[in-house]
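Chemist: Encoded as structure tokens, here's the structure I'll be asking about.
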Amino acid sequence: MESHQPWSAFLVLSLCAIHFCRGSDLITADKDVSAFDGKTAVLKCSYNGSREINSVKWTNKSSNVIAERSRGDDFLPDSRIKFVESSEKTNGSIIIDPVRMRDTGTYTCGYDVQGQVPMEKAITLNVKQDSTSLWKIVIPIVVIGLLLSIAGIVFFLYKKGHLRKAFR
């Protein structure tokens with residue numbers, strides 16, 4: 001029995017390394033984020049460890065880098081995307097303003113930290129159509145339709161002579 005104890009300790013340590021002590025557990029991020037088309041979306045992601053951060057990188061569903069901060073320098077190829085202003089160096093959250101329907105999808109927040117394997121968390125962004133913007137289109141169309149209908153009825157009654165008799 002004693003000869004199996006070193007193997008048990010090895011097994012426990014291996015399980016810890018594989019399942020319980022993952023570096024990605026040091027990242028806090030929202031799993032799902034919803035925003036309305038044309039509004040602002042905030043994708044939250046932060047590192048909770050004590051080691052120095054080399055960089056934080058965001059990629060989109062196509063694996064394109066959409067934001068990267070490395071030792072204070074920001075790479076932001078899309079002017080709609082910015083890092084959240086924060087005094088905390090561990091905060092890698094980004095803002096997309098304005099967010100568009102085409103932005104819907106999965107994003108990955110990744111941290112490269114000294115002495116650790118790079119860590120990542122996936123965040124799903126769901127962009128919804130703003131129902132108030134739909135009404136901004138529907139209401140004028142309905143009003144114009146009603147006005148044209150009234151004008152058509154008045155014209156029809158005038159042609160038939162019903163309005164001419166009423167105004168004599």
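Note on naming: chains are A, B, ... as they come in the structure tokens, residues start from 1 per chain, ligands start from 1 in the order shown.
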Would you please give, as an MDAnalysis selection string, all residues of range 47-167 of chain A that DSSP assigns to strand (DSSP E or B) based on the backbone?
Modeler: chainID A and resid 47 53:59 65:70 73:75 81:83 91 94:96 105:113 119:128
Chemist: Could you name the residues that touch range 42-56 of chain A at 8 Å or less, counting only C-alpha atoms, but leaving out those on the same chain fewer than 5 positions away, as a ChimeraX atom specification?
Modeler: /A:26-30,33,68-71,90-96,109-115,123
Chemist: Could you check which of A:Lys89, A:Arg80, A:Lys160, A:Lys61 is closest to Thr40 in chain A, using only C-alpha atoms?
Modeler: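 When distances to Thr40 in chain A are compared using only C-alpha atoms, the smallest one comes from A:Arg80.
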Chemist: At what distance in Å, to one decimal, does CA of Gln129 in chain A lie from CA of Ser34 in chain A?
Modeler: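 Separation of CA of Ser34 in chain A and CA of Gln129 in chain A: 10.7 Å.
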Chemist: Skip Asn60 in chain A itself and residues of its chain fewer than 6 positions away, then list as a count of residues only all residues within 7 Å of it, counting only C-alpha atoms.
Modeler: 4
Chemist: Quick one: distance from CA of Gly38 in chain A to CA of Gly72 in chain A in Å, one decimal?
Modeler: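 Between CA of Gly38 in chain A and CA of Gly72 in chain A the gap is 29.1 Å.
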Chemist: Rounded to one decimal place, report the CA of Val65 in chain A-CA of Lys31 in chain A distance in Å.
Modeler: 19.1 Å
